[in-house]
Every structure is written in C-alpha cells, then in structure tokens.
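Chemist: Could you have a look at this structure, given as structure tokens, before my questions?
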Amino acid sequence: MVRKRTDRPTGIRAGRATGGYSLIAVLLTLVGLSFLAAAGFMIAIGDLRVTRAQVAAARAFYAADSGLNTVLGTTLGYPADTTVLSSPADTTTVTATRLVETSGGRRLYLLRSRARHRAADGSVGDRTISLVLVADPDSTARPPAVKAGSWREAM
C-alpha cells in the first residue's frame with residue numbers, strides 16, 4: 001500500500017472542525033483581565049488624589065499651628081486684631097478677638113489661626129485652629145503670660 005503525501009501533521013484528520021471555542025475563551029479572558037487592570041489603575045489614581053489631599057491638609061494644620069505660635073511669641077503690640085503670615089506655599093491669617101475682661105484685669109482672648117496650603121501638585125488644604133486663653137496684661141513678659149488655654153481644630 002502506498003501512502004499519500006499530505007501537508008497535515010500526523011494525528012489531524014481531514015475534515016475535522018475544531019469550532020474555534022478556544023479562541024473565543026482566550027479573547028474573553030483577555031478582555032476580562034484588561035477590565036481588571038483598568039479598574040486597578042483607576043483605584044490607584046483615586047488613592048493618590050486622596051493621599052495628596054491628606055498631605056496638603058496636614059501641612060495646612062502645621063502652618064496654622066505655626067502661625068498661632070508666632071503670634072503668641074511676638075513682641076509687637078500684642079494682640080493685634082489680624083496678623084497675616086505668608087510663605088510660597090502657605091497663607092496663614094491669625095485673628096485675635098478680646099472676649100471679656102475680668103475684674104482682676106485679666107483678659108479672655110479667642111485666637112483663630114486659619115491656614116491654606118497650596119501644594120505644587122495642585123492640591124489645597126485648609127485648616128483652622130482656635131485657641132482660647134486668659135492673658136495677664138500687667139505681666140512684664142510680652143506677650144501677656146498665658147494662664148490657661150485650650151485649642152480645637154476645625155477642617
């Protein structure tokens with residue numbers, strides 16, 4: 001018996017159809033993995049924005065705290081009504097409000113320090129710190145000695 005020569009590899013018979021099911025399964029798997037990769041990138045970008053906003057808010061808090069400490073440590077006409085401190089990335093406004101004067105000559109002040117931080121990436125953070133203090137205007141130290149104080153933070 002003489003065998004015919006064919007171009008098909010051995011094991012594959014002529015006329016047998018595979019249907020292309022493997023190709024469809026592979027394509028659907030690739031589409032699903034592409035959607036998962038795109039979702040992962042979107043989540044990472046969202047997390048990066050949140051992290052930048054948190055960093056900007058933290059820097060604004062420290063700028064507000066620094067502005068408050070600067071006004072408390074100043075020797076110029078304490079307390080001024082409003083003091084504005086600025087740097088390339090931060091603007092801090094400290095407002096002093098005299099609330100009441102006690103019979104002993106002590107004064108109750110509300111100091112409010114509001115800072116805005118603008119980061120290089122465009123994120124902005126705002127923080128406000130309020131401090132209530134009792135000051136003794138007869139004290140030789142400038143600013144008046146703080147007898148008691150408490151602070152709170154607002155975003």
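Order determines the names: the first chain of the structure tokens is A, the second B, and so forth; residues in each chain are numbered 1 upward, and ligands are numbered 1 upward as they are shown.
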Do you know which residues are at most 12 Å from region 91-105 of chain A counting only C-alpha atoms, after dropping those on the same chain fewer than 3 positions away, and could you put them as a ChimeraX atom specification?
Modeler: /A:59-72,77-88,108-119,124-139,144
Chemist: Rounded to one decimal place, report the CA of Thr51 (chain A)-CA of Ala89 (chain A) distance in Å.
Modeler: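 According to the coordinates, CA of Thr51 (chain A) and CA of Ala89 (chain A) are separated by 17.8 Å.
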Chemist: As JSON, numbers by chain, which residues of region 21-132 of chain A does DSSP assign to helix (DSSP H, G or I)?
Modeler: {"A": [21, 22, 23, 24, 25, 26, 27, 28, 29, 30, 31, 32, 33, 34, 35, 36, 37, 38, 39, 40, 41, 42, 43, 44, 45, 46, 47, 48, 49, 50, 51, 52, 53, 54, 55, 56, 57, 58, 59, 60, 61, 62, 63, 64, 65, 66, 67, 68, 69, 70, 71, 72]}
